[in-house]
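Following: one structure in structure tokens, then a few remarks.
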Amino acid sequence: MKRICVFCGSKPGIRAVYAEQAKVLGRLLVKEGIELVYGGGRVGLMTEIADAVLAEGGHVIGVIPQALVEMEVAHQGLPDIRVVHSMHERKALMAELSDGFIAMPGGFGTLEELFEVITWAQLGFHPKPCGILNVDGYYDPLIRFIDSCVHEQFLRAEHRHMLLSSDNPHKLLSEMRAYMSPDVPRILKKQEL
């Protein structure tokens, strides 16, 4: 993996452990020779991980819509910032640039980005690993909900297992390196349409 896209909050969250783990992940990426792709902001956990990578001499690519640049939330210290027209273009470019995806704690935007890339994987649009860094149990309720989707037969178990999860950045990165996109059946067979 050359680059990993990290989705994370534009807020720091209530617990200091969120920022601490963003820094740990940033330093780990540099140690492993992996570049960071992220949303290009200078706010919340976004700036924590970007600054950690930059402080260790790593490469950061920020992708941000022009509207957010105009709101003055773009990180001015990035060596590589790509300004796009829309949130749709932002997600498409981040996905194109990245070899895998990690969601850290965040809100609607983080969840939407995570669900879009895991849906693309489920549909077979890409074979890239998608993971959750479950800092201090932040994503436990979401993971239980996803498991309930399997139980209620809205999600196949083999698709559920495409979403990796760990509370340890080292373990998550190791699982992502070892990930092999499964050969899973299409969501709907032609005769079911």
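How things are named: the first chain in the structure tokens is A, the next is B, and so on; residues count from 1 in each chain; ligands count from 1 in the order shown.
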Residues at most 8 Å from segment 154-171 of chain A, counting only C-alpha atoms, excluding those fewer than 5 positions away in the same chain, as a PDB file with C-alpha atoms, in the first residue's frame?
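Result went into out-v6.pdb, see below:
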```pdb
ATOM      1  CA  GLN A  21      -4.758   7.955  18.256  1.00  0.00           C
ATOM      2  CA  VAL A  24      -0.307   7.477  16.525  1.00  0.00           C
ATOM      3  CA  LEU A  25      -1.833   6.491  13.203  1.00  0.00           C
ATOM      4  CA  LEU A  28       2.648   4.739  11.956  1.00  0.00           C
ATOM      5  CA  ILE A 118     -17.467  -0.031   1.509  1.00  0.00           C
ATOM      6  CA  ALA A 121     -16.227  -2.624  -2.516  1.00  0.00           C
ATOM      7  CA  GLN A 122     -19.410  -4.641  -1.980  1.00  0.00           C
ATOM      8  CA  PRO A 129      -9.426  -2.694   2.083  1.00  0.00           C
ATOM      9  CA  CYS A 130     -11.828  -0.628   4.181  1.00  0.00           C
ATOM     10  CA  GLY A 131     -11.296  -0.424   7.923  1.00  0.00           C
ATOM     11  CA  ILE A 132     -12.510   1.207  11.089  1.00  0.00           C
ATOM     12  CA  LEU A 133     -10.069   2.372  13.753  1.00  0.00           C
ATOM     13  CA  ASN A 134     -12.394   1.811  16.682  1.00  0.00           C
ATOM     14  CA  VAL A 135     -10.812   4.241  19.139  1.00  0.00           C
ATOM     15  CA  ASP A 136     -11.954   3.593  22.703  1.00  0.00           C
ATOM     16  CA  GLY A 137     -15.062   1.736  21.510  1.00  0.00           C
ATOM     17  CA  ILE A 146     -24.009  -3.662  10.987  1.00  0.00           C
ATOM     18  CA  ASP A 147     -24.066  -7.127  12.572  1.00  0.00           C
ATOM     19  CA  CYS A 149     -28.127  -5.979   9.310  1.00  0.00           C
ATOM     20  CA  MET A 176      -5.319  -4.149   5.634  1.00  0.00           C
ATOM     21  CA  SER A 181     -10.955  -8.852  -1.703  1.00  0.00           C
ATOM     22  CA  PRO A 182     -13.280 -11.856  -1.523  1.00  0.00           C
ATOM     23  CA  VAL A 184     -18.478 -12.727  -3.398  1.00  0.00           C
TER      24      VAL A 184
END
```
Within 10 Å of Gly106 of chain A, counting only C-alpha atoms, which residues show up once you throw out same-chain ones fewer than 2 positions away? Write them as a compact mmCIF listing (two decimals) with N, CA and C atoms, in the first residue's frame, please.
```
# COMPACT_ATOMS: atom_id res chain seq x y z
N PHE A 7 -10.57 8.92 6.79
CA PHE A 7 -11.76 9.73 7.02
C PHE A 7 -11.84 9.98 8.53
N CYS A 8 -12.03 11.23 8.94
CA CYS A 8 -12.12 11.51 10.37
C CYS A 8 -12.81 12.85 10.60
N GLY A 9 -13.12 13.11 11.85
CA GLY A 9 -13.93 14.25 12.21
C GLY A 9 -13.28 15.60 11.99
N SER A 10 -14.12 16.58 11.67
CA SER A 10 -13.68 17.97 11.60
C SER A 10 -13.78 18.62 12.98
N LYS A 11 -14.12 17.81 13.96
CA LYS A 11 -14.14 18.22 15.38
C LYS A 11 -13.17 17.30 16.12
N PRO A 12 -12.67 17.71 17.28
CA PRO A 12 -11.73 16.86 18.02
C PRO A 12 -12.41 15.78 18.85
N GLY A 13 -13.72 15.90 19.08
CA GLY A 13 -14.39 14.96 19.96
C GLY A 13 -14.17 15.31 21.42
N TYR A 18 -8.94 10.48 21.13
CA TYR A 18 -9.19 10.55 19.69
C TYR A 18 -8.01 11.23 18.98
N GLY A 44 -10.17 19.87 13.75
CA GLY A 44 -10.48 18.59 14.37
C GLY A 44 -9.42 17.53 14.22
N LEU A 45 -9.88 16.28 14.11
CA LEU A 45 -8.95 15.16 13.96
C LEU A 45 -8.22 15.22 12.63
N MET A 46 -8.82 15.91 11.66
CA MET A 46 -8.18 16.02 10.35
C MET A 46 -6.80 16.68 10.49
N ALA A 103 -11.52 4.68 8.62
CA ALA A 103 -12.40 5.65 9.27
C ALA A 103 -12.02 5.73 10.74
N MET A 104 -11.72 6.93 11.18
CA MET A 104 -11.52 7.22 12.60
C MET A 104 -12.82 7.83 13.12
N PHE A 108 -21.36 12.73 10.55
CA PHE A 108 -22.06 12.35 9.33
C PHE A 108 -21.12 12.22 8.13
N GLY A 109 -20.23 13.20 7.95
CA GLY A 109 -19.32 13.16 6.80
C GLY A 109 -18.43 11.94 6.80
N THR A 110 -17.88 11.62 7.95
CA THR A 110 -17.01 10.45 8.08
C THR A 110 -17.79 9.18 7.78
N LEU A 111 -18.99 9.07 8.35
CA LEU A 111 -19.81 7.88 8.13
C LEU A 111 -20.20 7.75 6.66
N TYR A 138 -15.52 3.74 20.18
CA TYR A 138 -16.39 4.73 19.53
C TYR A 138 -17.37 4.08 18.56
N TYR A 139 -16.88 3.12 17.79
CA TYR A 139 -17.72 2.51 16.76
C TYR A 139 -18.45 1.25 17.21
```
Restricting to only C-alpha atoms, whichever of A:Val6, A:Ser148, A:Glu48, A:Lys31 is closest to Lys91 of chain A is A:Val6
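Pairwise distance (atom CA of Val63 of chain A, atom CA of Leu172 of chain A) equals 23.6 Å.
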For His85 of chain A, find every residue with an atom within 9 Å (counting only C-alpha atoms), except residues of its own chain fewer than 2 positions away, and show them as a VMD selection string.
chain A and resid 64 to 67 83 87 to 90
Of the listed residues A:Arg177, A:Cys5, A:Pro105, A:Met71, that which approaches Glu20 of chain A most closely, counting only C-alpha atoms:
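Between A:Arg177, A:Cys5, A:Pro105, A:Met71, the residue approaching Glu20 of chain A most closely is A:Pro105.
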Skip Ala95 of chain A itself and residues of its chain fewer than 6 positions away, then list as a list of chain:residue names all residues within 10 Å of it, counting only C-alpha atoms.
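The residues satisfying every condition are A:Ile4, A:Cys5, A:Val37, A:Glu89, A:Phe101, A:Glu113, A:Glu116, A:Val117, A:His126, A:Lys128.
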Keeping N, CA and C atoms, export the residues of the selection given above as an mmCIF file, in the first residue's frame.
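Contents of part.cif, as written:
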```
data_model
loop_
_atom_site.group_PDB
_atom_site.id
_atom_site.type_symbol
_atom_site.label_atom_id
_atom_site.label_comp_id
_atom_site.auth_asym_id
_atom_site.auth_seq_id
_atom_site.Cartn_x
_atom_site.Cartn_y
_atom_site.Cartn_z
ATOM 1 N N ILE A 4 -2.954 5.620 2.012
ATOM 2 C CA ILE A 4 -4.201 5.304 2.709
ATOM 3 C C ILE A 4 -4.970 6.592 2.922
ATOM 4 N N CYS A 5 -6.258 6.523 2.624
ATOM 5 C CA CYS A 5 -7.162 7.634 2.868
ATOM 6 C C CYS A 5 -7.754 7.463 4.262
ATOM 7 N N VAL A 37 -3.780 10.364 2.514
ATOM 8 C CA VAL A 37 -4.762 11.126 1.741
ATOM 9 C C VAL A 37 -5.885 11.441 2.716
ATOM 10 N N GLU A 89 -16.700 15.167 -6.203
ATOM 11 C CA GLU A 89 -15.366 15.119 -6.803
ATOM 12 C C GLU A 89 -14.309 14.817 -5.745
ATOM 13 N N PHE A 101 -8.667 2.438 2.907
ATOM 14 C CA PHE A 101 -9.424 3.471 3.611
ATOM 15 C C PHE A 101 -9.559 3.119 5.091
ATOM 16 N N GLU A 113 -18.618 8.900 4.027
ATOM 17 C CA GLU A 113 -17.443 8.516 3.245
ATOM 18 C C GLU A 113 -17.132 7.031 3.423
ATOM 19 N N GLU A 116 -19.775 4.894 1.649
ATOM 20 C CA GLU A 116 -19.659 4.926 0.193
ATOM 21 C C GLU A 116 -18.555 3.998 -0.288
ATOM 22 N N VAL A 117 -17.370 4.045 0.333
ATOM 23 C CA VAL A 117 -16.276 3.191 -0.164
ATOM 24 C C VAL A 117 -16.524 1.717 0.124
ATOM 25 N N HIS A 126 -14.145 -1.765 -6.539
ATOM 26 C CA HIS A 126 -12.720 -1.735 -6.181
ATOM 27 C C HIS A 126 -12.434 -2.875 -5.206
ATOM 28 N N LYS A 128 -10.098 -2.624 -2.705
ATOM 29 C CA LYS A 128 -9.271 -2.008 -1.671
ATOM 30 C C LYS A 128 -9.830 -2.283 -0.275
#
```
Hey, can you check how far atom CA of Gly41 of chain A sits from atom CA of Val17 of chain A?
19.8 Å
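For segment 83-173 of chain A, a DSSP pass over the backbone yields strand (DSSP E) at Val83, Val84, Phe101, Ile102, Ala103, Cys130, Gly131, Ile132, Leu133, Leu163, Leu164, Ser165 and Ser166 of chain A.
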DSSP on the backbone, alpha helix (DSSP H) only: what residues of segment 101-189 of chain A does that give? Format it as a PyMOL selection string.
chain A and resi 108-122+140-151+157-160+169-178
Deliver the residues from the most recent selection as a file, using N, CA and C atoms, as a short mmCIF file (atom, residue, chain, number, x, y, z; two decimals), in the first residue's frame.
```
data_model
loop_
_atom_site.label_atom_id
_atom_site.label_comp_id
_atom_site.auth_asym_id
_atom_site.auth_seq_id
_atom_site.Cartn_x
_atom_site.Cartn_y
_atom_site.Cartn_z
N PHE A 108 -21.36 12.73 10.55
CA PHE A 108 -22.06 12.35 9.33
C PHE A 108 -21.12 12.22 8.13
N GLY A 109 -20.23 13.20 7.95
CA GLY A 109 -19.32 13.16 6.80
C GLY A 109 -18.43 11.94 6.80
N THR A 110 -17.88 11.62 7.95
CA THR A 110 -17.01 10.45 8.08
C THR A 110 -17.79 9.18 7.78
N LEU A 111 -18.99 9.07 8.35
CA LEU A 111 -19.81 7.88 8.13
C LEU A 111 -20.20 7.75 6.66
N GLU A 112 -20.57 8.87 6.05
CA GLU A 112 -20.97 8.84 4.65
C GLU A 112 -19.81 8.40 3.77
N GLU A 113 -18.62 8.90 4.03
CA GLU A 113 -17.44 8.52 3.25
C GLU A 113 -17.13 7.03 3.42
N LEU A 114 -17.18 6.56 4.66
CA LEU A 114 -16.93 5.14 4.92
C LEU A 114 -17.95 4.27 4.20
N PHE A 115 -19.22 4.59 4.34
CA PHE A 115 -20.25 3.75 3.73
C PHE A 115 -20.19 3.79 2.21
N GLU A 116 -19.77 4.89 1.65
CA GLU A 116 -19.66 4.93 0.19
C GLU A 116 -18.56 4.00 -0.29
N VAL A 117 -17.37 4.05 0.33
CA VAL A 117 -16.28 3.19 -0.16
C VAL A 117 -16.52 1.72 0.12
N ILE A 118 -17.18 1.38 1.25
CA ILE A 118 -17.47 -0.03 1.51
C ILE A 118 -18.57 -0.52 0.57
N THR A 119 -19.51 0.34 0.20
CA THR A 119 -20.53 -0.03 -0.77
C THR A 119 -19.89 -0.28 -2.14
N TRP A 120 -18.95 0.57 -2.53
CA TRP A 120 -18.24 0.36 -3.79
C TRP A 120 -17.51 -0.99 -3.77
N ALA A 121 -16.91 -1.33 -2.63
CA ALA A 121 -16.23 -2.62 -2.52
C ALA A 121 -17.24 -3.76 -2.62
N GLN A 122 -18.36 -3.62 -1.95
CA GLN A 122 -19.41 -4.64 -1.98
C GLN A 122 -19.90 -4.88 -3.41
N ASP A 140 -18.38 0.89 18.48
CA ASP A 140 -19.08 -0.32 18.95
C ASP A 140 -20.56 -0.33 18.58
N PRO A 141 -21.32 0.76 18.80
CA PRO A 141 -22.74 0.73 18.43
C PRO A 141 -22.95 0.54 16.92
N LEU A 142 -22.11 1.14 16.11
CA LEU A 142 -22.23 0.99 14.66
C LEU A 142 -21.93 -0.45 14.24
N ILE A 143 -20.91 -1.03 14.83
CA ILE A 143 -20.55 -2.41 14.50
C ILE A 143 -21.69 -3.36 14.89
N ARG A 144 -22.31 -3.13 16.04
CA ARG A 144 -23.46 -3.94 16.44
C ARG A 144 -24.61 -3.77 15.45
N PHE A 145 -24.82 -2.55 14.99
CA PHE A 145 -25.89 -2.31 14.02
C PHE A 145 -25.61 -3.04 12.71
N ILE A 146 -24.37 -2.97 12.23
CA ILE A 146 -24.01 -3.66 10.99
C ILE A 146 -24.22 -5.16 11.15
N ASP A 147 -23.84 -5.70 12.32
CA ASP A 147 -24.07 -7.13 12.57
C ASP A 147 -25.57 -7.44 12.58
N SER A 148 -26.38 -6.50 13.06
CA SER A 148 -27.83 -6.73 13.05
C SER A 148 -28.37 -6.70 11.63
N CYS A 149 -27.73 -5.97 10.73
CA CYS A 149 -28.13 -5.98 9.31
C CYS A 149 -27.94 -7.38 8.72
N VAL A 150 -26.88 -8.06 9.15
CA VAL A 150 -26.66 -9.44 8.71
C VAL A 150 -27.75 -10.33 9.29
N HIS A 151 -27.99 -10.20 10.59
CA HIS A 151 -29.01 -11.01 11.26
C HIS A 151 -30.38 -10.83 10.61
N ALA A 157 -23.23 -12.06 5.15
CA ALA A 157 -22.10 -12.19 6.07
C ALA A 157 -20.78 -11.96 5.35
N GLU A 158 -20.65 -12.48 4.13
CA GLU A 158 -19.39 -12.31 3.40
C GLU A 158 -19.14 -10.84 3.06
N HIS A 159 -20.21 -10.06 2.88
CA HIS A 159 -20.03 -8.63 2.66
C HIS A 159 -19.68 -7.93 3.97
N ARG A 160 -20.28 -8.36 5.06
CA ARG A 160 -19.98 -7.78 6.38
C ARG A 160 -18.50 -7.89 6.70
N PRO A 169 -4.13 0.59 15.88
CA PRO A 169 -3.71 1.01 14.54
C PRO A 169 -2.74 0.03 13.88
N HIS A 170 -1.81 -0.53 14.65
CA HIS A 170 -0.85 -1.49 14.09
C HIS A 170 -1.56 -2.72 13.56
N LYS A 171 -2.49 -3.25 14.35
CA LYS A 171 -3.23 -4.45 13.94
C LYS A 171 -4.10 -4.16 12.73
N LEU A 172 -4.77 -3.02 12.72
CA LEU A 172 -5.63 -2.67 11.60
C LEU A 172 -4.81 -2.55 10.32
N LEU A 173 -3.68 -1.88 10.39
CA LEU A 173 -2.83 -1.72 9.21
C LEU A 173 -2.32 -3.08 8.72
N SER A 174 -1.98 -3.95 9.65
CA SER A 174 -1.53 -5.30 9.28
C SER A 174 -2.65 -6.07 8.58
N GLU A 175 -3.87 -5.98 9.10
CA GLU A 175 -5.01 -6.65 8.47
C GLU A 175 -5.29 -6.07 7.08
N MET A 176 -5.09 -4.77 6.93
CA MET A 176 -5.32 -4.15 5.63
C MET A 176 -4.27 -4.61 4.62
N ARG A 177 -3.03 -4.74 5.06
CA ARG A 177 -1.97 -5.22 4.16
C ARG A 177 -2.26 -6.65 3.70
N ALA A 178 -2.84 -7.46 4.58
CA ALA A 178 -3.10 -8.86 4.26
C ALA A 178 -4.44 -9.07 3.54
#
```
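Nearest residue to Tyr38 of chain A among A:Val53, A:Val60, A:Met1, A:Ala74 is A:Val60, counting only C-alpha atoms.
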Between A:Leu123, A:Met180, A:Ala19, A:Leu93, single out the one closest to Ile81 of chain A, counting only C-alpha atoms.
A:Leu93
Nearest residue to Arg3 of chain A out of A:Asp80, A:Glu152, A:Glu96, A:Asp183, using only C-alpha atoms?
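So, comparing all the options, the nearest one is A:Glu96.
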Rounded to one decimal place, report the atom CA of Gly62 of chain A-atom CA of Phe125 of chain A distance in Å.
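One can read the atom CA of Gly62 of chain A to atom CA of Phe125 of chain A distance as 23.2 Å.
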